[in-house]
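See below for the structure under consideration.
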Amino acid sequence: MQIKRQANSNTTLYFNKELLTLLANATIEMRLIDNATESTIIQSSSIGQPCRQLVMEMFRVFRTIGQAELQGCAAYATEELRYWTTQRFFSYANILHREATELTHRVGFILEQYSKITQMDNILDTLSDEYYRFNSLNNSLQEVLNRELERFAPMDHPLRVALSDCLNTTVTYHQLDMEYVLSYVDSACMNVN
């Protein structure tokens, strides 16, 4: 069981790194968009100071909105990770661990309950039944645990897809927002719709 727990930790770690890479890449993209937008506003020679102040204020507002949306993607992924990393694997592993612990107590109880001299057949039959029951449960749960260790492998894993979609949408809308901000620079704050 310890090997499976370690494998689960490694699998979860690798998946978390993948999700962090998605978040890091989106953060970098948004910073590049922000830096380019801010630089264009600051360096523009076609606008006066009142227009520049207005556009910088719009830039700050839309930058804050983009950051909040990016944080929303991260918060969603964090919430979903609780289910995928703690509830699934460990719910099965804990059942198996509890059953193994209880089996030890049941064996002790069986040995205490029957006379080792006159009821040896009863002891053997009962212990065989306990072993068979535990072994069947153990084999079934080992298969489930093995499947759980592969739960992050599909490239279309729901959390991977949802986070990627969220981040792509956030970056796309952020780019569009900054293009809108820059339209004020292009028109020198005149009649922009």
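Note on naming: chains are A, B, ... as they come in the structure tokens, residues start from 1 per chain, ligands start from 1 in the order shown.
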
What's around region 86-88 of chain A at 12 Å? Count only C-alpha atoms, leave out sequence neighbours fewer than 3 positions away in its own chain, and write the answer as a CSV table (one decimal) with N, CA and C atoms, in the first residue's frame.
```csv
chain,number,residue,atom,x,y,z
A,5,ARG,N,0.6,4.5,-2.4
A,5,ARG,CA,0.5,5.9,-1.9
A,5,ARG,C,1.6,6.8,-2.5
A,8,ASN,N,0.7,7.5,-6.1
A,8,ASN,CA,-0.3,8.5,-6.1
A,8,ASN,C,0.2,9.9,-5.9
A,9,SER,N,1.2,10.0,-5.0
A,9,SER,CA,1.8,11.3,-4.7
A,9,SER,C,2.5,11.8,-6.0
A,12,THR,N,0.0,12.7,-8.7
A,12,THR,CA,-0.6,14.0,-8.4
A,12,THR,C,0.4,15.2,-8.6
A,78,THR,N,-8.2,24.8,-8.3
A,78,THR,CA,-7.8,24.4,-6.9
A,78,THR,C,-9.0,23.7,-6.3
A,79,GLU,N,-10.2,24.2,-6.4
A,79,GLU,CA,-11.4,23.6,-5.8
A,79,GLU,C,-11.6,22.2,-6.4
A,80,GLU,N,-11.4,22.0,-7.7
A,80,GLU,CA,-11.6,20.7,-8.4
A,80,GLU,C,-10.5,19.7,-8.0
A,81,LEU,N,-9.3,20.3,-7.7
A,81,LEU,CA,-8.2,19.4,-7.4
A,81,LEU,C,-8.5,18.6,-6.1
A,82,ARG,N,-9.2,19.2,-5.2
A,82,ARG,CA,-9.5,18.6,-3.9
A,82,ARG,C,-10.2,17.2,-4.2
A,83,TYR,N,-11.1,17.2,-5.1
A,83,TYR,CA,-11.8,15.9,-5.4
A,83,TYR,C,-10.8,15.0,-6.1
A,91,SER,N,-10.0,7.6,-0.7
A,91,SER,CA,-11.2,6.9,-0.2
A,91,SER,C,-11.1,5.4,-0.3
A,92,TYR,N,-10.5,4.9,-1.4
A,92,TYR,CA,-10.3,3.5,-1.6
A,92,TYR,C,-9.2,3.0,-0.8
A,93,ALA,N,-8.1,3.7,-0.7
A,93,ALA,CA,-6.9,3.3,0.0
A,93,ALA,C,-7.2,3.2,1.5
A,94,ASN,N,-8.1,4.1,2.0
A,94,ASN,CA,-8.4,4.1,3.4
A,94,ASN,C,-9.3,2.9,3.8
A,95,ILE,N,-10.2,2.5,2.8
A,95,ILE,CA,-11.0,1.3,3.0
A,95,ILE,C,-10.1,0.1,3.2
A,144,VAL,N,-9.0,-1.1,-8.5
A,144,VAL,CA,-9.5,0.2,-8.5
A,144,VAL,C,-8.3,1.2,-8.2
A,145,LEU,N,-7.5,0.9,-7.3
A,145,LEU,CA,-6.3,1.8,-7.0
A,145,LEU,C,-5.4,2.0,-8.2
A,146,ASN,N,-5.2,0.9,-9.0
A,146,ASN,CA,-4.4,1.0,-10.2
A,146,ASN,C,-5.1,1.9,-11.2
A,147,ARG,N,-6.4,1.8,-11.3
A,147,ARG,CA,-7.1,2.7,-12.3
A,147,ARG,C,-7.0,4.1,-11.8
A,148,GLU,N,-7.1,4.3,-10.5
A,148,GLU,CA,-6.9,5.7,-9.9
A,148,GLU,C,-5.6,6.3,-10.2
A,149,LEU,N,-4.5,5.4,-10.2
A,149,LEU,CA,-3.2,5.9,-10.5
A,149,LEU,C,-3.1,6.5,-11.9
A,150,GLU,N,-4.0,6.0,-12.8
A,150,GLU,CA,-4.0,6.5,-14.2
A,150,GLU,C,-5.0,7.6,-14.4
A,151,ARG,N,-5.7,8.1,-13.4
A,151,ARG,CA,-6.8,9.0,-13.6
A,151,ARG,C,-6.4,10.3,-14.3
A,152,PHE,N,-5.1,10.8,-14.2
A,152,PHE,CA,-4.7,12.0,-14.8
A,152,PHE,C,-4.1,11.8,-16.2
```

Set the distance at 8 Å and use only C-alpha atoms: which residues neighbour Cys73 (chain A) once local chain neighbours fewer than 6 positions away are removed? I'd like the list as a compact mmCIF listing (two decimals) with C-alpha atoms, in the first residue's frame.
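Produced file selection33.txt, reproduced below:
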```txt
# COMPACT_ATOMS: atom_id res chain seq x y z
CA LEU A 163 -8.52 24.93 -16.94
CA CYS A 166 -10.78 28.96 -18.93
CA LEU A 167 -7.27 30.31 -19.42
```

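Computed from the coordinates, the CA of Asn16 (chain A) to CA of Gln71 (chain A) distance equals 16.2 Å.
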
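Using only C-alpha atoms, the smallest distance between any of A:Ala24, A:Gly72, A:Asp129, A:Arg60 and Ile41 (chain A) comes from A:Arg60.
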
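For the residues A:Leu159, A:Leu111, A:Val185, A:Met1, ranking by smallest atom-to-atom distance to Thr85 (chain A) using only C-alpha atoms places A:Leu159 first.
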
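Going from CA of Ile110 (chain A) to CA of Tyr131 (chain A) covers 12.3 Å.
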
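Straight-line separation from CA of Tyr14 (chain A) to CA of Pro158 (chain A): 16.0 Å.
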
Hey, what's within 12 Å of Asn135 (chain A) if we count only C-alpha atoms and toss same-chain stuff fewer than 6 positions away? As an MDAnalysis selection string, please? chainID A and resid 96 99:100 103 127:129 141:142
